[in-house]
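One file, final-v9.cif, carrying mmCIF, C-alpha atoms:
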data_target
loop_
_atom_site.label_atom_id
_atom_site.label_comp_id
_atom_site.auth_asym_id
_atom_site.auth_seq_id
_atom_site.Cartn_x
_atom_site.Cartn_y
_atom_site.Cartn_z
CA MET A 112 0.00 0.00 0.00
CA ALA A 113 2.70 2.41 1.05
CA GLN A 114 4.69 1.43 -1.99
CA ASN A 115 1.67 2.02 -4.22
CA ARG A 116 1.20 5.50 -2.86
CA ARG A 117 4.82 6.33 -3.47
CA LYS A 118 4.55 5.15 -7.05
CA LYS A 119 1.44 7.23 -7.64
CA ASN A 120 3.18 10.31 -6.27
CA LYS A 121 6.13 9.73 -8.53
CA ASP A 122 3.88 9.48 -11.57
CA LEU A 123 2.13 12.71 -10.64
CA SER A 124 5.36 14.64 -10.26
CA LYS A 125 6.59 13.32 -13.60
CA LYS A 126 3.30 14.28 -15.21
CA ILE A 127 3.57 17.81 -13.83
CA ALA A 128 7.19 18.01 -14.98
CA GLU A 129 6.21 17.03 -18.53
CA GLU A 130 3.42 19.59 -18.62
CA ARG A 131 5.68 22.32 -17.31
CA ILE A 132 8.23 21.58 -20.01
CA VAL A 133 5.52 21.84 -22.69
CA ILE A 134 4.32 25.16 -21.24
CA LEU A 135 7.86 26.55 -21.09
CA PHE A 136 8.52 25.62 -24.71
CA GLU A 137 5.30 27.38 -25.78
CA LEU A 138 6.37 30.48 -23.87
CA ALA A 139 9.84 30.30 -25.39
CA GLU A 140 8.27 30.28 -28.86
CA GLN A 141 5.98 33.23 -28.07
CA ASN A 142 8.77 35.37 -26.60
CA PHE A 143 11.41 34.57 -29.19
CA LYS A 144 10.99 37.73 -31.28
CA THR A 145 10.08 40.20 -28.54
CA HIS A 146 12.16 39.04 -25.58
CA PRO A 147 15.03 36.74 -26.60
CA GLU A 148 16.53 36.79 -23.10
CA ARG A 149 13.32 35.33 -21.67
CA THR A 150 13.39 32.57 -24.26
CA LYS A 151 16.86 31.65 -23.07
CA ARG A 152 15.70 31.53 -19.47
CA TYR A 153 12.64 29.38 -20.29
CA VAL A 154 14.74 26.82 -22.16
CA GLU A 155 17.17 26.74 -19.23
CA LEU A 156 14.26 26.08 -16.85
CA ALA A 157 12.73 23.40 -19.09
CA ARG A 158 16.04 21.53 -19.20
CA ALA A 159 16.52 21.92 -15.45
CA ILE A 160 13.08 20.45 -14.77
CA GLY A 161 13.71 17.58 -17.18
CA MET A 162 17.00 16.71 -15.52
CA ARG A 163 15.68 16.95 -11.98
CA TYR A 164 12.70 14.63 -12.50
CA ARG A 165 14.32 12.40 -15.11
CA VAL A 166 11.85 13.38 -17.80
CA ARG A 167 13.26 13.29 -21.30
CA LEU A 168 12.61 16.01 -23.80
CA THR A 169 10.59 14.72 -26.73
CA ARG A 170 12.21 14.40 -30.12
CA ASP A 171 10.62 17.62 -31.38
CA GLN A 172 11.64 19.54 -28.28
CA LYS A 173 15.19 18.26 -28.43
CA ARG A 174 15.60 19.46 -32.00
CA ARG A 175 14.47 22.97 -31.13
CA ILE A 176 17.49 23.35 -28.84
CA CYS A 177 21.12 23.68 -29.93
CA LYS A 178 23.10 20.72 -28.59
CA HIS A 179 26.14 22.88 -27.87
CA CYS A 180 24.92 26.23 -26.54
CA TYR A 181 21.32 25.28 -25.60
CA SER A 182 19.80 28.25 -27.41
CA TYR A 183 16.28 27.98 -28.79
CA LEU A 184 16.36 27.39 -32.53
CA VAL A 185 13.87 28.82 -35.03
CA PRO A 186 14.62 27.71 -38.59
CA GLY A 187 15.00 30.73 -40.84
CA ASN A 188 15.86 32.97 -37.91
CA ASN A 189 18.85 31.65 -36.02
CA CYS A 190 19.56 28.27 -37.57
CA ARG A 191 19.96 26.57 -40.92
CA VAL A 192 18.48 23.11 -41.57
CA ARG A 193 19.82 21.01 -44.43
CA LEU A 194 19.53 17.37 -45.45
CA ASN A 195 22.87 15.83 -46.30
CA ASP A 196 24.34 12.28 -46.22
CA SER A 197 21.15 10.83 -44.61
CA MET A 198 21.53 13.39 -41.85
CA VAL A 199 19.50 16.40 -40.80
CA GLN A 200 22.20 19.01 -40.30
CA THR A 201 21.31 21.99 -38.16
CA THR A 202 23.72 24.91 -37.96
CA CYS A 203 23.17 27.19 -34.98
CA PHE A 204 23.89 30.84 -35.78
CA GLU A 205 24.39 31.66 -32.08
CA CYS A 206 27.45 29.46 -31.65
CA GLY A 207 28.07 28.48 -35.28
CA ARG A 208 28.23 24.77 -34.56
CA LEU A 209 26.59 21.88 -36.36
CA SER A 210 24.24 19.25 -34.91
CA ARG A 211 23.49 16.16 -36.95
CA TYR A 212 20.55 13.77 -36.61
CA PRO A 213 20.26 10.66 -38.77
CA TYR A 214 17.22 9.88 -40.87
CA TYR A 215 16.44 6.82 -42.89
CA GLU A 216 14.57 6.73 -46.16
CA ARG A 217 11.86 4.10 -46.43
CA PRO A 218 12.20 1.55 -49.22
CA GLU A 219 9.83 2.46 -52.03
CA ASN A 220 8.00 -0.87 -52.29
CA GLU A 221 6.61 -0.63 -48.74
CA MET B 281 0.63 16.09 -27.69
CA THR B 282 -0.66 15.74 -24.17
CA GLN B 283 -3.60 17.78 -23.04
CA ILE B 284 -2.58 20.04 -20.18
CA GLU B 285 -4.97 20.50 -17.30
CA ILE B 286 -4.05 22.37 -14.17
CA THR B 287 -6.16 21.82 -11.07
CA PRO B 288 -6.15 24.43 -8.32
CA ALA B 289 -4.66 21.88 -5.91
CA GLU B 290 -1.57 21.26 -8.02
CA LEU B 291 -0.99 24.87 -9.05
CA PRO B 292 1.63 25.58 -6.31
CA TYR B 293 3.76 22.84 -7.89
CA HIS B 294 2.97 23.75 -11.48
CA GLU B 295 4.36 26.34 -13.86
CA LEU B 296 3.67 29.88 -12.66
CA ILE B 297 5.42 31.63 -15.55
CA GLY B 298 2.92 32.97 -18.07
CA LEU B 299 -0.02 33.16 -15.67
CA LEU B 300 -1.89 36.33 -14.77
CA VAL B 301 -1.30 37.26 -11.16
CA LYS B 302 -2.53 39.78 -8.64
CA VAL B 303 -0.91 40.59 -5.30
CA ASP B 304 -3.60 40.13 -2.70
CA SER B 305 -1.67 41.14 0.40
CA SER B 306 1.98 41.70 1.08
CA CYS B 307 4.37 42.71 3.86
CA ASP B 308 5.09 45.73 1.70
CA PRO B 309 1.79 47.63 1.41
CA THR B 310 2.90 49.47 -1.74
CA LEU B 311 2.79 46.17 -3.63
CA ASN B 312 -0.85 45.46 -2.72
CA GLY B 313 -3.11 45.30 -5.75
CA LEU B 314 -0.25 44.94 -8.21
CA SER B 315 -1.31 42.81 -11.17
CA GLY B 316 0.26 41.54 -14.36
CA ARG B 317 1.83 38.52 -15.95
CA VAL B 318 4.53 36.36 -14.40
CA ILE B 319 7.65 36.44 -16.57
CA ASP B 320 10.25 34.86 -14.33
CA GLU B 321 10.68 33.16 -11.02
CA THR B 322 13.57 32.64 -8.62
CA ARG B 323 13.79 30.92 -5.26
CA ASN B 324 12.59 33.92 -3.31
CA THR B 325 10.92 36.20 -5.82
CA ILE B 326 8.44 36.40 -8.67
CA LYS B 327 9.00 38.82 -11.54
CA ILE B 328 5.81 40.46 -12.78
CA GLU B 329 5.32 42.51 -15.93
CA THR B 330 2.44 44.95 -15.50
CA SER B 331 0.15 46.00 -18.33
CA GLN B 332 2.00 49.35 -18.52
CA GLY B 333 5.18 47.42 -19.28
CA PHE B 334 6.87 47.89 -15.90
CA ILE B 335 8.74 44.96 -14.43
CA LYS B 336 8.30 44.43 -10.71
CA ILE B 337 10.13 41.94 -8.53
CA VAL B 338 7.90 40.73 -5.70
CA PRO B 339 9.18 38.62 -2.79
CA LYS B 340 7.31 35.35 -2.27
CA ALA B 341 7.71 35.35 1.50
CA GLY B 342 4.83 37.02 3.29
CA THR B 343 2.86 37.65 0.12
CA VAL B 344 -0.50 36.18 -0.88
CA PHE B 345 -0.95 35.90 -4.64
CA VAL B 346 -4.11 35.34 -6.69
CA PHE B 347 -3.21 33.40 -9.82
CA THR B 348 -5.60 33.00 -12.74
CA ILE B 349 -5.59 29.67 -14.54
CA PRO B 350 -6.58 30.53 -18.13
CA GLU B 351 -9.60 28.74 -19.60
CA ARG B 352 -7.34 27.07 -22.16
CA ILE B 353 -5.72 24.82 -19.54
CA SER B 354 -8.19 24.86 -16.66
CA GLN B 355 -10.27 21.82 -15.82
CA THR B 356 -13.71 23.38 -16.09
CA GLY B 357 -13.03 25.38 -19.26
CA ARG B 358 -13.36 28.67 -17.42
CA ASN B 359 -10.88 31.06 -15.83
CA ILE B 360 -10.20 29.99 -12.26
CA SER B 361 -8.71 32.31 -9.66
CA VAL B 362 -6.61 30.56 -7.04
CA LYS B 363 -5.30 32.18 -3.89
CA ILE B 364 -1.85 30.94 -2.98
CA ASP B 365 0.32 31.79 -0.01
CA GLY B 366 3.75 32.72 -1.32
CA ASN B 367 5.45 30.91 1.56
CA ILE B 368 4.58 27.46 0.17
CA THR B 369 6.20 28.29 -3.16
CA LEU B 370 9.51 29.21 -1.53
CA SER B 371 11.93 27.09 -3.54
CA GLN B 372 13.69 27.13 -6.87
CA PRO B 373 11.27 26.67 -9.76
CA GLN B 374 12.77 23.31 -10.72
CA ASN B 375 12.61 22.09 -7.11
CA ARG B 376 9.04 23.14 -6.50
CA ILE B 377 7.51 19.83 -7.65
CA LYS B 378 9.36 18.09 -4.83
CA ASN B 379 7.24 19.96 -2.29
CA LEU B 380 4.29 17.89 -3.58
CA LYS B 381 5.75 14.80 -1.94
CA LYS B 382 6.43 16.63 1.32
CA SER B 383 2.89 17.96 1.54
CA ARG B 384 1.30 14.53 1.06
CA LYS B 385 3.23 12.72 3.79
#

Could you write out this file's structure as structure tokens?
Amino acid sequence: MAQNRRKKNKDLSKKIAEERIVILFELAEQNFKTHPERTKRYVELARAIGMRYRVRLTRDQKRRICKHCYSYLVPGNNCRVRLNDSMVQTTCFECGRLSRYPYYERPENE
Amino acid sequence: MTQIEITPAELPYHELIGLLVKVDSSCDPTLNGLSGRVIDETRNTIKIETSQGFIKIVPKAGTVFVFTIPERISQTGRNISVKIDGNITLSQPQNRIKNLKKSRK
């Protein structure tokens, strides 16, 4: 019983952590043009929450952040996205570094 | 994408940034009645941007806040005002969820 309650609590805190990360990413997007310094702070908080409660960022969220300087990336504004060698290559204009994510093309007959 | 719903009970452990807030009562009487949007949070303070564009830093300790959960993420589909004692939110924003466990013991 006691163990059950602990497990339930843990789930709830993870659920709240996930929701808070989603909210912070939305706010980061909204404030990107008007208040870039706030965007930086919100991304910092989202990562801090994720690390503290062992919640992973989703694939989409992860690709909106530069792997090297953790700045929020908006394609066409502060990053360049190119497909090359079966890789999505994202160049961050804040730090100038390249992040690469693999992608696989599906066979045509499937 | 997950549907976000914030209940009044879990608001002290949830994200305060982005919510509309009003200072209900404070140790500093000049802050009473201050309202605006939360833009940042530290361990001991909340940063509020008023509608005139001023940025005010309000201490959490000794202050009672009224937060408004917007209808978009509230349970009932309406704006809900929740009165929260600032003293129970006294911790770093990323540590605040931990207080949930403490309060349930």

Notebook entry, point to check: Taking only C-alpha atoms into account, which residues of chain B are within 10 Å of chain A, as a list of chain:residue names?
Noted result: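 Using only C-alpha atoms, chain B residues at most 10 Å from chain A: B:Met281, B:Thr282, B:Gln283, B:Ile284, B:Glu285, B:Ile286, B:Glu290, B:Leu291, B:Tyr293, B:His294, B:Glu295, B:Leu296, B:Ile297, B:Gly298, B:Ile319, B:Asp320, B:Glu321, B:Pro373, B:Gln374, B:Asn375, B:Arg376, B:Ile377, B:Lys378, B:Asn379, B:Leu380, B:Lys381, B:Arg384, B:Lys385.
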
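Neighbours of Leu311 in chain B closer than or equal to 12 Å, with all atoms listed in the file counted and sequence neighbours fewer than 3 positions away skipped, come out as Lys302, Val303, Asp304, Ser305, Ser306, Cys307, Asp308, Leu314, Ser315, Gly316, Ile328, Thr330, Lys336, Ile337, Val338, Pro339, Lys340, Gly342, Thr343, Val344 and Phe345 of chain B.
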
Output file for the selection above: C-alpha atoms, as a PDB file, keeping the file's coordinate frame:
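Result file result18.pdb:
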ATOM      1  CA  LYS B 302      -2.530  39.780  -8.640  1.00  0.00           C
ATOM      2  CA  VAL B 303      -0.910  40.590  -5.300  1.00  0.00           C
ATOM      3  CA  ASP B 304      -3.600  40.130  -2.700  1.00  0.00           C
ATOM      4  CA  SER B 305      -1.670  41.140   0.400  1.00  0.00           C
ATOM      5  CA  SER B 306       1.980  41.700   1.080  1.00  0.00           C
ATOM      6  CA  CYS B 307       4.370  42.710   3.860  1.00  0.00           C
ATOM      7  CA  ASP B 308       5.090  45.730   1.700  1.00  0.00           C
ATOM      8  CA  LEU B 314      -0.250  44.940  -8.210  1.00  0.00           C
ATOM      9  CA  SER B 315      -1.310  42.810 -11.170  1.00  0.00           C
ATOM     10  CA  GLY B 316       0.260  41.540 -14.360  1.00  0.00           C
ATOM     11  CA  ILE B 328       5.810  40.460 -12.780  1.00  0.00           C
ATOM     12  CA  THR B 330       2.440  44.950 -15.500  1.00  0.00           C
ATOM     13  CA  LYS B 336       8.300  44.430 -10.710  1.00  0.00           C
ATOM     14  CA  ILE B 337      10.130  41.940  -8.530  1.00  0.00           C
ATOM     15  CA  VAL B 338       7.900  40.730  -5.700  1.00  0.00           C
ATOM     16  CA  PRO B 339       9.180  38.620  -2.790  1.00  0.00           C
ATOM     17  CA  LYS B 340       7.310  35.350  -2.270  1.00  0.00           C
ATOM     18  CA  GLY B 342       4.830  37.020   3.290  1.00  0.00           C
ATOM     19  CA  THR B 343       2.860  37.650   0.120  1.00  0.00           C
ATOM     20  CA  VAL B 344      -0.500  36.180  -0.880  1.00  0.00           C
ATOM     21  CA  PHE B 345      -0.950  35.900  -4.640  1.00  0.00           C
TER      22      PHE B 345
END

Item checked: Atomic separation - CA of Ile353 in chain B relative to CA of Gly313 in chain B, Å ->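 About the pair CA of Gly313 in chain B and CA of Ile353 in chain B: they are 24.8 Å apart.
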
Check: Near range 181-197 of chain A, counting all atoms listed in the file, which residues have an atom at most 9 Å away, once you skip same-chain residues fewer than 4 positions from it, shown as a list in words?
Finding: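 With the cut-off at 9 Å, the set is Ala139, Glu140, Phe143, Thr150, Lys151, Val154, Glu155, Arg174, Arg175, Ile176, Cys177, Thr201, Thr202, Cys203, Phe204, Glu205, Cys206, Gly207, Tyr212, Pro213, Tyr214, Tyr215 and Glu216 of chain A.
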
Check: In Å to one decimal, how far is CA of Asp365 in chain B from CA of Phe136 in chain A?
Finding: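 Value for the CA of Phe136 in chain A-CA of Asp365 in chain B distance: 26.7 Å.
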
Notebook entry, point to check: How many Å lie between CA of Leu300 in chain B and CA of Gln355 in chain B, rounded to one decimal?
Noted result: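 So the two atoms, CA of Leu300 in chain B and CA of Gln355 in chain B, lie 16.8 Å apart.
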
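When all atoms listed in the file are used to compute distances to Thr348 in chain B, the closest of the residues B:Leu370, B:Leu299, B:Val318, B:Ile364 turns out to be B:Leu299.
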
Check: Which residue, B:Gly333, B:Phe347, B:Thr310, B:Ala289, has the smallest gap to Lys363 in chain B when you use all atoms listed in the file?
Finding: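 Smallest distance to Lys363 in chain B is found for B:Phe347.
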
Is there a way to complete range 148-161 of chain A with N, CA, C and O atoms and then write that out as a PDB file, in the coordinates of the input?
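In the end it all went to out.pdb:
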ATOM      1  N   GLU A 148      15.884  37.193 -24.358  1.00  0.00           N
ATOM      2  CA  GLU A 148      16.530  36.790 -23.100  1.00  0.00           C
ATOM      3  C   GLU A 148      15.589  35.923 -22.267  1.00  0.00           C
ATOM      4  O   GLU A 148      16.024  35.027 -21.557  1.00  0.00           O
ATOM      5  N   ARG A 149      14.278  36.175 -22.396  1.00  0.00           N
ATOM      6  CA  ARG A 149      13.320  35.330 -21.670  1.00  0.00           C
ATOM      7  C   ARG A 149      13.292  33.935 -22.269  1.00  0.00           C
ATOM      8  O   ARG A 149      13.239  32.939 -21.546  1.00  0.00           O
ATOM      9  N   THR A 150      13.350  33.870 -23.599  1.00  0.00           N
ATOM     10  CA  THR A 150      13.390  32.570 -24.260  1.00  0.00           C
ATOM     11  C   THR A 150      14.528  31.722 -23.729  1.00  0.00           C
ATOM     12  O   THR A 150      14.372  30.543 -23.416  1.00  0.00           O
ATOM     13  N   LYS A 151      15.694  32.356 -23.570  1.00  0.00           N
ATOM     14  CA  LYS A 151      16.860  31.650 -23.070  1.00  0.00           C
ATOM     15  C   LYS A 151      16.613  31.088 -21.673  1.00  0.00           C
ATOM     16  O   LYS A 151      16.919  29.935 -21.377  1.00  0.00           O
ATOM     17  N   ARG A 152      15.996  31.913 -20.848  1.00  0.00           N
ATOM     18  CA  ARG A 152      15.700  31.530 -19.470  1.00  0.00           C
ATOM     19  C   ARG A 152      14.700  30.362 -19.431  1.00  0.00           C
ATOM     20  O   ARG A 152      14.837  29.429 -18.649  1.00  0.00           O
ATOM     21  N   TYR A 153      13.670  30.412 -20.316  1.00  0.00           N
ATOM     22  CA  TYR A 153      12.640  29.380 -20.290  1.00  0.00           C
ATOM     23  C   TYR A 153      13.216  28.027 -20.732  1.00  0.00           C
ATOM     24  O   TYR A 153      12.864  26.984 -20.187  1.00  0.00           O
ATOM     25  N   VAL A 154      14.117  28.071 -21.724  1.00  0.00           N
ATOM     26  CA  VAL A 154      14.740  26.820 -22.160  1.00  0.00           C
ATOM     27  C   VAL A 154      15.607  26.252 -21.036  1.00  0.00           C
ATOM     28  O   VAL A 154      15.597  25.047 -20.761  1.00  0.00           O
ATOM     29  N   GLU A 155      16.321  27.153 -20.356  1.00  0.00           N
ATOM     30  CA  GLU A 155      17.170  26.740 -19.230  1.00  0.00           C
ATOM     31  C   GLU A 155      16.317  26.043 -18.163  1.00  0.00           C
ATOM     32  O   GLU A 155      16.670  24.972 -17.654  1.00  0.00           O
ATOM     33  N   LEU A 156      15.144  26.659 -17.862  1.00  0.00           N
ATOM     34  CA  LEU A 156      14.260  26.080 -16.850  1.00  0.00           C
ATOM     35  C   LEU A 156      13.705  24.737 -17.305  1.00  0.00           C
ATOM     36  O   LEU A 156      13.641  23.783 -16.514  1.00  0.00           O
ATOM     37  N   ALA A 157      13.300  24.657 -18.585  1.00  0.00           N
ATOM     38  CA  ALA A 157      12.730  23.400 -19.090  1.00  0.00           C
ATOM     39  C   ALA A 157      13.751  22.279 -18.968  1.00  0.00           C
ATOM     40  O   ALA A 157      13.422  21.163 -18.548  1.00  0.00           O
ATOM     41  N   ARG A 158      15.014  22.556 -19.303  1.00  0.00           N
ATOM     42  CA  ARG A 158      16.040  21.530 -19.200  1.00  0.00           C
ATOM     43  C   ARG A 158      16.288  21.161 -17.739  1.00  0.00           C
ATOM     44  O   ARG A 158      16.450  19.993 -17.391  1.00  0.00           O
ATOM     45  N   ALA A 159      16.281  22.181 -16.860  1.00  0.00           N
ATOM     46  CA  ALA A 159      16.520  21.920 -15.450  1.00  0.00           C
ATOM     47  C   ALA A 159      15.445  21.009 -14.872  1.00  0.00           C
ATOM     48  O   ALA A 159      15.731  20.072 -14.126  1.00  0.00           O
ATOM     49  N   ILE A 160      14.178  21.270 -15.265  1.00  0.00           N
ATOM     50  CA  ILE A 160      13.080  20.450 -14.770  1.00  0.00           C
ATOM     51  C   ILE A 160      13.221  19.023 -15.297  1.00  0.00           C
ATOM     52  O   ILE A 160      13.067  18.047 -14.568  1.00  0.00           O
ATOM     53  N   GLY A 161      13.556  18.905 -16.585  1.00  0.00           N
ATOM     54  CA  GLY A 161      13.710  17.580 -17.180  1.00  0.00           C
ATOM     55  C   GLY A 161      14.786  16.770 -16.484  1.00  0.00           C
ATOM     56  O   GLY A 161      14.623  15.580 -16.223  1.00  0.00           O
TER      57      GLY A 161
END
